[in-house]
2 protein chains.
Amino acid sequence: MPTGKREKRNKQFGEWFRQVLINAEILDYRYPIKGCGVWLPYGYKIRRLVTQLLRDLHDATGHEEVQFPIMVTETDLRKEAAHIKDFENEVFWITHGGLKPLEIKYALRPTSETAIYPMLKLWIRSHADLPRRLYQIGSVFRYETKTTRPIIRVRELSTFKEAHTSHATLEDAEIQIKEAIQIYKNFFDACGVPYAISRRPDWDKFPGALYSISFDVIMPDGRTLQSGTVHNLGQNFSKTFDIQYETIDGEHQYIWQTCYGISERGIGALISVHGDDNGIGLIPCLAPIQVIIIPIPHKENPQSIAEVCKKVAEKLENMGFRTEIDQREDLTPGAKFFYWELRGVPIRIEIGPKDVKKEQVVFVRRDTFKKEACRISDLPSRLRQLMDQMSIEMRERAWEWMRKRIYRVDSLEKADELLKKRAGILELLWCGDAGCGHEIEELVSAKLLGTPVDFEEKIEGKCVVCGKKASSFVRAAIAY
Amino acid sequence: MPTGKREKRNKQFGEWFRQVLINAEILDYRYPIKGCGVWLPYGYKIRRLVTQLLRDLHDATGHEEVQFPIMVTETDLRKEAAHIKDFENEVFWITHGGLKPLEIKYALRPTSETAIYPMLKLWIRSHADLPRRLYQIGSVFRYETKTTRPIIRVRELSTFKEAHTSHATLEDAEIQIKEAIQIYKNFFDACGVPYAISRRPDWDKFPGALYSISFDVIMPDGRTLQSGTVHNLGQNFSKTFDIQYETIDGEHQYIWQTCYGISERGIGALISVHGDDNGIGLIPCLAPIQVIIIPIPHKENPQSIAEVCKKVAEKLENMGFRTEIDQREDLTPGAKFFYWELRGVPIRIEIGPKDVKKEQVVFVRRDTFKKEACRISDLPSRLRQLMDQMSIEMRERAWEWMRKRIYRVDSLEKADELLKKRAGILELLWCGDAGCGHEIEELVSAKLLGTPVDFEEKIEGKCVVCGKKASSFVRAAIAY
């Protein structure tokens, strides 16, 4: 099924994204501090639904929501060597309280391991305290030296959901990693956003982790966006922060830890993947307004149209659909169509004089612009059906689009050529050697996303660099 | 109706408060940075309900939720002279990004006027853009030099709801002030927390405001806690930040502004006002768990008790009551009573072998410890009734307690004597002169909360200081 035009969205994605953020009243990026944006009312409503989805998924799987302070002491931040090494150039430092210098500097947390783990040391005593799964949603800060972009690369990540889990054994931590991957799959599936799951190469893992797994989304311009990450921290931080528990046998052991995060990039992917040249797209379950009713005025009988609109809106609201009527008198129906398409409202209902006579309404789907008449008596059931169908089709269409942008190539020349065109994700045979990995990155001027985790496959063939036996595919892409 | 013992809560309030915060798993104050606490899972659930209540009250009255960055530039923070003068000693300053000094310093917002108003300048163009009512819930930061106390006086206020409104005229701003007061009354009434509303003396108003109105709560130890404030900002900030709108006649005018805030102090008041020596108290609508079911085990027939508990829990859950069964096997019923009383769960249901036979349960109210048997078939309706009654009684009891702690006194000696005993709020006749006001503050070693806004009264009598005709009462109290 065809969708709206996507030429501008795909070919001038950066410009399209910037424009929809401000025009659809999602985020205003003109704040006086670089890399910091203001969530506008409509965008904040999307954020509410997305964070509620994250809360539901975490609450349902034994995670407990907490909230830690935004400041971390320099001492704690510096404890884990690999961690501070990676973040040192990206930390905002608080040096003064009032007019006086602080005795010890505070950092704005770049991520919350070093805030949370000193407290875990106080809370975890025995095996009975394990497992412990905590999460929080809030701001973290990175003094980005790369070009900042609204939502995609910012200095205040204002919607950072991070989970931190503690376990008695490595096996338990591994099970948790699998659960985390499942939670993130459920999250992106609910958003209708397709993803590739890759285990990052060792040289690109989270500082301090045993290994890192990432959810990458191909954005409309063919670049990938790292939209969720899952890390097995092993005992690295628990040894640094001395977090031990007493086993049933009375021994003291360091705990095993995992952590995983999703930021507002999830929202960026959501609105872009389903967007088109007319504006953003929203899957129905994450749309602040699911149905917008637009009266098509008529001189003879404006009153009856208004009444029918109201009756329909009440009916739909009672059925649990988030519904609004656009009653503005200074705008034409056409201007209203434009306004709500920009904001990605999934279903438009038009009610004109003919419809009133026939006791019907006209539906228009935001994704396909397909029109359909429906008797008012059939409305709620048809609408439920339509939204379910739309959600499935939006998700499938997005997956189809993404699958076409994953290429298996057997030469670096071909890879380079495709990446120059921003074709998407390339999968190349690789021996697993870091040297060969770096060579691929250099020769195709791209990042390695890592090895596929989303499927298992028997590998036959040779490494594209050294020609030795390949141990896996490795993914390369131009990443944000 | 008598309640649980309140001796410790009232006489050693500071200690009681610290203990319930940690023991009831609300907030852990052992974080390595002074004045910063960690919201624990149970406390965070209370926080969710309280912030949802605030959201509902603001959304229903035309307020739109937004989210601004946490950092403010030094330039913007310094623009309004009175504002920076008051906050200068209390601001955390960010001076470095990574290893390099920043070109311009950033402040952690101590409140968000200076973050929000430069953006209002971009958003407000004409009378059609007014009124505009925005709010956000998040963290603000104060480098407190006074003794910090968990929730009551902190360096990161992590639950700060602030609303900022823009209007075409002073009259509209005044109407907004009345609405804000009503919203806050509704908030504290829903919490069952009594309050005195006072217009702060001019020397104690919000820096930059025309005037400030405060909601003060008398805490169990007789000290008052400023728990909500409402400010009419006039055109002071709009002139500083050059926020103008075009009138219908094409003239350019500065907007009129108000702002009002409530922090986690609201939660501090809630759990303390309804608390007793056994733990915190929660009004049913703000309790994360409204009903805790405790099986009273019996050797003969443990299975049937477990089944009835499950059946009752399902029934109550389906009726919308937040219900849990405490199935822990390593705790006696008595230990479980203690555990849930500490956490303020409004209703305990005990189910033992006798109850199973009689097809009944036993209710225990958290506030009065009154017991009552109820047939299982009558459960949902009786429970709804009981909770409504309980909410009304808790609120009335709290108001009665507070009213007894508001004294009208006609001499400074009497006032001093009462305040030394931490009796509560004193109301004294006052001529309105600042000199006399300061003299009262000095002679009774207390703060003036200001003049009553919660009632109007004909004033007859003389100022307690100068003996001239009094224009109003003024309230004095030992404030947190």
# chains A, B, ... in the order shown; residues from 1 in each chain; ligands from 1

$ select_by_dssp --residues "stretch 95-289 of chain B" --states "helix (DSSP H, G or I)" --output "number ranges by chain"
B: 113-123, 127-129, 170-191, 202-204, 236-240, 265-273, 284-286

$ residues_around --residues "A:His231" --least-positions-apart "2" --cutoff "9 Å" --atoms "only C-alpha atoms" --output "list in words"
Ile177, Lys205, Phe206, Ala209, Leu210, Tyr211, Ser212, Ile213, Ser214, Thr229, Leu233, Gly234, Gln257, Thr258, Cys259, Tyr260 and Gly261 of chain A

$ residues_around --residues "B:Lys105" --least-positions-apart "2" --cutoff "12 Å" --atoms "only C-alpha atoms" --output "compact mmCIF listing (two decimals) with N, CA and C atoms, in the first residue's frame"
# COMPACT_ATOMS: atom_id res chain seq x y z
N ILE A 33 21.46 27.53 25.16
CA ILE A 33 22.62 26.65 25.36
C ILE A 33 22.62 25.57 24.28
N PHE A 92 30.34 17.72 32.18
CA PHE A 92 30.17 19.08 32.70
C PHE A 92 30.57 19.07 34.18
N TRP A 93 31.42 20.02 34.55
CA TRP A 93 31.91 20.06 35.94
C TRP A 93 31.34 21.25 36.70
N ILE A 94 30.82 20.96 37.89
CA ILE A 94 30.35 22.01 38.79
C ILE A 94 31.47 22.27 39.77
N THR A 95 31.93 23.51 39.77
CA THR A 95 33.09 23.83 40.60
C THR A 95 32.77 24.80 41.72
N HIS A 96 31.63 25.50 41.60
CA HIS A 96 31.31 26.52 42.59
C HIS A 96 29.88 26.37 43.12
N MET B 71 20.19 23.50 32.64
CA MET B 71 21.22 24.53 32.70
C MET B 71 20.69 25.87 32.16
N VAL B 72 21.18 26.95 32.77
CA VAL B 72 20.82 28.32 32.36
C VAL B 72 22.13 29.08 32.16
N THR B 73 22.18 29.94 31.17
CA THR B 73 23.41 30.70 30.99
C THR B 73 23.54 31.77 32.08
N GLU B 74 24.78 32.07 32.42
CA GLU B 74 25.02 33.12 33.42
C GLU B 74 24.37 34.43 32.97
N THR B 75 24.44 34.74 31.67
CA THR B 75 23.88 35.98 31.15
C THR B 75 22.39 36.08 31.47
N ASP B 76 21.64 35.01 31.18
CA ASP B 76 20.20 35.06 31.44
C ASP B 76 19.91 35.12 32.94
N LEU B 77 20.68 34.35 33.71
CA LEU B 77 20.42 34.33 35.15
C LEU B 77 20.66 35.71 35.78
N ARG B 78 21.62 36.45 35.21
CA ARG B 78 21.97 37.75 35.80
C ARG B 78 21.09 38.89 35.32
N VAL B 91 23.63 29.39 43.98
CA VAL B 91 23.63 28.77 42.66
C VAL B 91 24.85 27.87 42.49
N PHE B 92 24.61 26.67 41.94
CA PHE B 92 25.71 25.80 41.53
C PHE B 92 26.17 26.25 40.14
N TRP B 93 27.47 26.44 39.98
CA TRP B 93 28.00 26.93 38.70
C TRP B 93 28.78 25.85 37.97
N ILE B 94 28.46 25.71 36.70
CA ILE B 94 29.20 24.80 35.83
C ILE B 94 30.22 25.64 35.07
N THR B 95 31.48 25.31 35.26
CA THR B 95 32.53 26.15 34.65
C THR B 95 33.32 25.42 33.58
N HIS B 96 33.24 24.08 33.58
CA HIS B 96 34.05 23.32 32.63
C HIS B 96 33.22 22.30 31.87
N GLY B 97 33.53 22.16 30.60
CA GLY B 97 32.98 21.07 29.78
C GLY B 97 34.17 20.20 29.40
N LYS B 100 38.11 21.46 29.43
CA LYS B 100 38.27 22.88 29.07
C LYS B 100 37.29 23.79 29.81
N PRO B 101 37.73 25.00 30.15
CA PRO B 101 36.79 25.96 30.73
C PRO B 101 35.75 26.39 29.68
N LEU B 102 34.51 26.57 30.11
CA LEU B 102 33.46 27.03 29.20
C LEU B 102 33.65 28.51 28.91
N GLU B 103 33.25 28.93 27.72
CA GLU B 103 33.35 30.35 27.39
C GLU B 103 32.44 31.18 28.28
N ALA B 107 24.57 27.95 34.99
CA ALA B 107 24.07 27.68 36.33
C ALA B 107 23.12 26.51 36.27
N LEU B 108 23.08 25.71 37.35
CA LEU B 108 21.98 24.76 37.50
C LEU B 108 20.78 25.60 37.93

$ residues_around --residues "B:Lys299" --least-positions-apart "4" --cutoff "12 Å" --atoms "only C-alpha atoms" --output "list in words"
Gln303, Ser304, Ile305, Gly352 and Pro353 of chain B

$ atom_distance --atom1 "atom CA of A:Cys36" --atom2 "atom CA of B:Glu113"
16.4 Å

$ closest_atom_pairs --of "chain B" --to "chain A" --cutoff "6 Å" --atoms "only C-alpha atoms" --output "Markdown table"
| residue | atom | partner | partner_atom | distance |
| --- | --- | --- | --- | --- |
| B:Val38 | CA | A:Phe68 | CA | 4.8 |
| B:Trp39 | CA | A:Gln67 | CA | 5.0 |
| B:Leu40 | CA | A:Val66 | CA | 5.3 |
| B:Pro41 | CA | A:Val66 | CA | 5.3 |
| B:Tyr44 | CA | A:Val66 | CA | 5.9 |
| B:Glu64 | CA | A:Pro41 | CA | 5.7 |
| B:Glu65 | CA | A:Pro41 | CA | 5.5 |
| B:Val66 | CA | A:Leu40 | CA | 5.2 |
| B:Gln67 | CA | A:Trp39 | CA | 4.9 |
| B:Phe68 | CA | A:Val38 | CA | 4.8 |
| B:Glu88 | CA | A:Gly98 | CA | 5.7 |
| B:Asn89 | CA | A:Gly98 | CA | 3.9 |
| B:Glu90 | CA | A:Gly98 | CA | 4.7 |
| B:Val91 | CA | A:Gly98 | CA | 4.8 |
| B:Phe92 | CA | A:Gly97 | CA | 4.5 |
| B:Trp93 | CA | A:His96 | CA | 5.1 |
| B:Ile94 | CA | A:Ile94 | CA | 4.2 |
| B:His96 | CA | A:Trp93 | CA | 5.1 |
| B:Gly97 | CA | A:Phe92 | CA | 4.5 |
| B:Gly98 | CA | A:Asn89 | CA | 3.9 |
| B:Leu99 | CA | A:Asn89 | CA | 5.9 |
| B:Tyr143 | CA | A:Gly97 | CA | 5.6 |

$ write_last_selection --atoms "C-alpha atoms" --output "PDB file, in the first residue's frame"
ATOM      1  CA  VAL B  38      17.652   8.938  46.435  1.00  0.00           C
ATOM      2  CA  TRP B  39      13.954   8.198  45.906  1.00  0.00           C
ATOM      3  CA  LEU B  40      13.481   4.531  46.777  1.00  0.00           C
ATOM      4  CA  PRO B  41      10.888   2.337  45.005  1.00  0.00           C
ATOM      5  CA  TYR B  44       8.856   6.833  44.148  1.00  0.00           C
ATOM      6  CA  GLU B  64       0.336  22.657  29.232  1.00  0.00           C
ATOM      7  CA  GLU B  65       3.233  20.501  30.379  1.00  0.00           C
ATOM      8  CA  VAL B  66       6.651  21.274  28.939  1.00  0.00           C
ATOM      9  CA  GLN B  67      10.240  20.536  29.866  1.00  0.00           C
ATOM     10  CA  PHE B  68      13.069  23.005  29.880  1.00  0.00           C
ATOM     11  CA  GLU B  88      23.625  34.464  43.860  1.00  0.00           C
ATOM     12  CA  ASN B  89      24.801  32.696  46.992  1.00  0.00           C
ATOM     13  CA  GLU B  90      22.732  29.619  46.231  1.00  0.00           C
ATOM     14  CA  VAL B  91      23.634  28.774  42.658  1.00  0.00           C
ATOM     15  CA  PHE B  92      25.715  25.799  41.530  1.00  0.00           C
ATOM     16  CA  TRP B  93      28.002  26.925  38.705  1.00  0.00           C
ATOM     17  CA  ILE B  94      29.203  24.795  35.827  1.00  0.00           C
ATOM     18  CA  HIS B  96      34.049  23.317  32.631  1.00  0.00           C
ATOM     19  CA  GLY B  97      32.983  21.074  29.775  1.00  0.00           C
ATOM     20  CA  GLY B  98      35.359  18.143  29.709  1.00  0.00           C
ATOM     21  CA  LEU B  99      38.848  19.403  30.498  1.00  0.00           C
ATOM     22  CA  TYR B 143      23.348  25.538  47.223  1.00  0.00           C
TER      23      TYR B 143
END

$ residues_around --residues "A:Gln176" --least-positions-apart "2" --cutoff "10 Å" --atoms "only C-alpha atoms" --output "ChimeraX atom specification"
/A:131,133,165-167,170-174,178-182,230,232,257-259

$ write_last_selection --atoms "C-alpha atoms" --output "PDB file, in the first residue's frame"
ATOM      1  CA  PRO A 131      18.329 -10.029  41.976  1.00  0.00           C
ATOM      2  CA  ARG A 133      16.372  -4.462  39.117  1.00  0.00           C
ATOM      3  CA  THR A 165      20.416  -4.795  37.646  1.00  0.00           C
ATOM      4  CA  SER A 166      22.352  -6.821  40.221  1.00  0.00           C
ATOM      5  CA  HIS A 167      22.717 -10.589  40.261  1.00  0.00           C
ATOM      6  CA  LEU A 170      27.112 -14.489  35.684  1.00  0.00           C
ATOM      7  CA  GLU A 171      24.422 -16.900  34.464  1.00  0.00           C
ATOM      8  CA  ASP A 172      21.723 -14.762  36.074  1.00  0.00           C
ATOM      9  CA  ALA A 173      23.224 -11.661  34.498  1.00  0.00           C
ATOM     10  CA  GLU A 174      23.178 -13.376  31.102  1.00  0.00           C
ATOM     11  CA  LYS A 178      18.223 -11.703  27.262  1.00  0.00           C
ATOM     12  CA  GLU A 179      15.275 -10.214  29.127  1.00  0.00           C
ATOM     13  CA  ALA A 180      16.530  -6.688  28.493  1.00  0.00           C
ATOM     14  CA  ILE A 181      16.795  -7.440  24.781  1.00  0.00           C
ATOM     15  CA  GLN A 182      13.234  -8.752  24.864  1.00  0.00           C
ATOM     16  CA  VAL A 230      22.338  -3.297  26.679  1.00  0.00           C
ATOM     17  CA  ASN A 232      26.839  -6.858  30.631  1.00  0.00           C
ATOM     18  CA  GLN A 257      25.693  -6.382  36.965  1.00  0.00           C
ATOM     19  CA  THR A 258      23.966  -5.327  33.780  1.00  0.00           C
ATOM     20  CA  CYS A 259      22.664  -1.977  32.619  1.00  0.00           C
TER      21      CYS A 259
END

$ select_by_dssp --residues "stretch 268-417 of chain B" --states "strand (DSSP E)" --output "PyMOL selection string"
chain B and resi 291-295+323-325+347-351+360-365+371-375+406-408

$ write_last_selection --atoms "C-alpha atoms" --output "PDB file, in the first residue's frame"
ATOM      1  CA  VAL B 291      -5.246  -2.608  50.791  1.00  0.00           C
ATOM      2  CA  ILE B 292      -2.772  -5.118  52.142  1.00  0.00           C
ATOM      3  CA  ILE B 293      -4.111  -8.611  52.691  1.00  0.00           C
ATOM      4  CA  ILE B 294      -2.425 -10.642  55.416  1.00  0.00           C
ATOM      5  CA  PRO B 295      -3.180 -14.340  55.730  1.00  0.00           C
ATOM      6  CA  THR B 323      -4.235  -4.386  46.510  1.00  0.00           C
ATOM      7  CA  GLU B 324      -1.441  -6.751  47.512  1.00  0.00           C
ATOM      8  CA  ILE B 325      -1.194  -9.977  49.461  1.00  0.00           C
ATOM      9  CA  ILE B 347      -6.472  -0.681  55.037  1.00  0.00           C
ATOM     10  CA  ARG B 348      -5.230  -4.009  56.317  1.00  0.00           C
ATOM     11  CA  ILE B 349      -7.337  -7.095  55.706  1.00  0.00           C
ATOM     12  CA  GLU B 350      -6.724 -10.124  57.892  1.00  0.00           C
ATOM     13  CA  ILE B 351      -7.986 -13.507  56.783  1.00  0.00           C
ATOM     14  CA  GLN B 360     -15.842 -12.862  56.059  1.00  0.00           C
ATOM     15  CA  VAL B 361     -12.658 -10.815  56.449  1.00  0.00           C
ATOM     16  CA  VAL B 362     -11.438  -8.443  59.150  1.00  0.00           C
ATOM     17  CA  PHE B 363     -10.577  -4.856  58.209  1.00  0.00           C
ATOM     18  CA  VAL B 364      -8.170  -2.701  60.193  1.00  0.00           C
ATOM     19  CA  ARG B 365      -7.952   1.034  59.534  1.00  0.00           C
ATOM     20  CA  LYS B 371     -11.260  -3.382  63.530  1.00  0.00           C
ATOM     21  CA  GLU B 372     -14.378  -4.467  61.705  1.00  0.00           C
ATOM     22  CA  ALA B 373     -15.594  -7.744  60.293  1.00  0.00           C
ATOM     23  CA  CYS B 374     -17.229  -7.729  56.868  1.00  0.00           C
ATOM     24  CA  ARG B 375     -18.863 -10.433  54.768  1.00  0.00           C
ATOM     25  CA  ILE B 406      -3.302  28.853  65.448  1.00  0.00           C
ATOM     26  CA  TYR B 407      -3.421  31.375  68.282  1.00  0.00           C
ATOM     27  CA  ARG B 408      -4.630  34.926  68.389  1.00  0.00           C
TER      28      ARG B 408
END

$ closest_residue --among "B:Gln52, B:Asn23, B:Gln389, B:Asn236" --to "B:Glu80" --atoms "only C-alpha atoms"
B:Asn236

$ residues_around --residues "B:Leu429" --least-positions-apart "2" --cutoff "9 Å" --atoms "only C-alpha atoms" --output "list in words"
Arg408, Val409, Asp410, Glu427, Cys431, Ile459, Glu460, Gly461, Lys462, Cys463, Val464, Val465, Lys469, Ala470, Ser471, Ser472, Phe473, Val474 and Arg475 of chain B

$ write_last_selection --atoms "N, CA and C atoms" --output "PDB file, in the first residue's frame"
ATOM      1  N   ARG B 408      -4.568  33.465  68.468  1.00  0.00           N
ATOM      2  CA  ARG B 408      -4.630  34.926  68.389  1.00  0.00           C
ATOM      3  C   ARG B 408      -4.096  35.465  69.712  1.00  0.00           C
ATOM      4  N   VAL B 409      -3.076  36.270  69.651  1.00  0.00           N
ATOM      5  CA  VAL B 409      -2.516  36.805  70.902  1.00  0.00           C
ATOM      6  C   VAL B 409      -2.405  38.318  70.783  1.00  0.00           C
ATOM      7  N   ASP B 410      -2.522  38.971  71.929  1.00  0.00           N
ATOM      8  CA  ASP B 410      -2.522  40.432  71.875  1.00  0.00           C
ATOM      9  C   ASP B 410      -1.279  41.051  72.499  1.00  0.00           C
ATOM     10  N   GLU B 427      -1.311  34.785  65.453  1.00  0.00           N
ATOM     11  CA  GLU B 427      -1.869  35.892  64.680  1.00  0.00           C
ATOM     12  C   GLU B 427      -1.925  37.128  65.568  1.00  0.00           C
ATOM     13  N   CYS B 431      -0.025  47.080  62.096  1.00  0.00           N
ATOM     14  CA  CYS B 431      -0.397  48.290  61.356  1.00  0.00           C
ATOM     15  C   CYS B 431       0.021  48.204  59.881  1.00  0.00           C
ATOM     16  N   ILE B 459     -11.149  44.323  60.678  1.00  0.00           N
ATOM     17  CA  ILE B 459     -10.086  44.462  61.682  1.00  0.00           C
ATOM     18  C   ILE B 459     -10.389  45.617  62.626  1.00  0.00           C
ATOM     19  N   GLU B 460     -10.402  45.309  63.911  1.00  0.00           N
ATOM     20  CA  GLU B 460     -10.531  46.373  64.913  1.00  0.00           C
ATOM     21  C   GLU B 460      -9.463  46.154  65.964  1.00  0.00           C
ATOM     22  N   GLY B 461      -8.759  47.202  66.313  1.00  0.00           N
ATOM     23  CA  GLY B 461      -7.743  47.045  67.339  1.00  0.00           C
ATOM     24  C   GLY B 461      -6.451  47.741  66.938  1.00  0.00           C
ATOM     25  N   LYS B 462      -5.432  47.549  67.767  1.00  0.00           N
ATOM     26  CA  LYS B 462      -4.193  48.292  67.584  1.00  0.00           C
ATOM     27  C   LYS B 462      -3.002  47.377  67.308  1.00  0.00           C
ATOM     28  N   CYS B 463      -2.041  47.904  66.571  1.00  0.00           N
ATOM     29  CA  CYS B 463      -0.796  47.184  66.267  1.00  0.00           C
ATOM     30  C   CYS B 463      -0.092  46.816  67.567  1.00  0.00           C
ATOM     31  N   VAL B 464       0.341  45.556  67.677  1.00  0.00           N
ATOM     32  CA  VAL B 464       1.005  45.105  68.916  1.00  0.00           C
ATOM     33  C   VAL B 464       2.319  45.824  69.178  1.00  0.00           C
ATOM     34  N   VAL B 465       2.885  46.457  68.164  1.00  0.00           N
ATOM     35  CA  VAL B 465       4.160  47.141  68.377  1.00  0.00           C
ATOM     36  C   VAL B 465       3.952  48.634  68.659  1.00  0.00           C
ATOM     37  N   LYS B 469      -3.534  52.211  64.704  1.00  0.00           N
ATOM     38  CA  LYS B 469      -4.636  51.381  64.198  1.00  0.00           C
ATOM     39  C   LYS B 469      -4.084  50.208  63.355  1.00  0.00           C
ATOM     40  N   ALA B 470      -4.536  49.019  63.686  1.00  0.00           N
ATOM     41  CA  ALA B 470      -4.081  47.844  62.923  1.00  0.00           C
ATOM     42  C   ALA B 470      -4.829  47.747  61.600  1.00  0.00           C
ATOM     43  N   SER B 471      -4.142  47.280  60.549  1.00  0.00           N
ATOM     44  CA  SER B 471      -4.805  47.121  59.250  1.00  0.00           C
ATOM     45  C   SER B 471      -5.094  45.654  58.956  1.00  0.00           C
ATOM     46  N   SER B 472      -4.430  44.790  59.692  1.00  0.00           N
ATOM     47  CA  SER B 472      -4.660  43.348  59.454  1.00  0.00           C
ATOM     48  C   SER B 472      -4.031  42.554  60.587  1.00  0.00           C
ATOM     49  N   PHE B 473      -4.310  41.261  60.586  1.00  0.00           N
ATOM     50  CA  PHE B 473      -3.497  40.374  61.406  1.00  0.00           C
ATOM     51  C   PHE B 473      -2.226  40.066  60.636  1.00  0.00           C
ATOM     52  N   VAL B 474      -1.184  39.679  61.376  1.00  0.00           N
ATOM     53  CA  VAL B 474      -0.006  39.152  60.700  1.00  0.00           C
ATOM     54  C   VAL B 474       0.368  37.870  61.430  1.00  0.00           C
ATOM     55  N   ARG B 475       0.828  36.893  60.642  1.00  0.00           N
ATOM     56  CA  ARG B 475       1.129  35.591  61.233  1.00  0.00           C
ATOM     57  C   ARG B 475       2.625  35.446  61.507  1.00  0.00           C
TER      58      ARG B 475
END

$ closest_residue --among "A:Leu54, A:Ile280, A:Ala196, A:Ile175" --to "A:Glu341" --atoms "only C-alpha atoms"
A:Ile280

$ residues_around --residues "stretch 439-449 of chain B" --least-positions-apart "5" --cutoff "12 Å" --atoms "only C-alpha atoms" --output "VMD selection string"
chain B and resid 196 to 205 212 to 218 223 to 226 229 411 to 422 424 to 434 463 to 466 473 to 480

$ atom_distance --atom1 "atom CA of B:Phe160" --atom2 "atom CA of B:Asp86"
18.8 Å
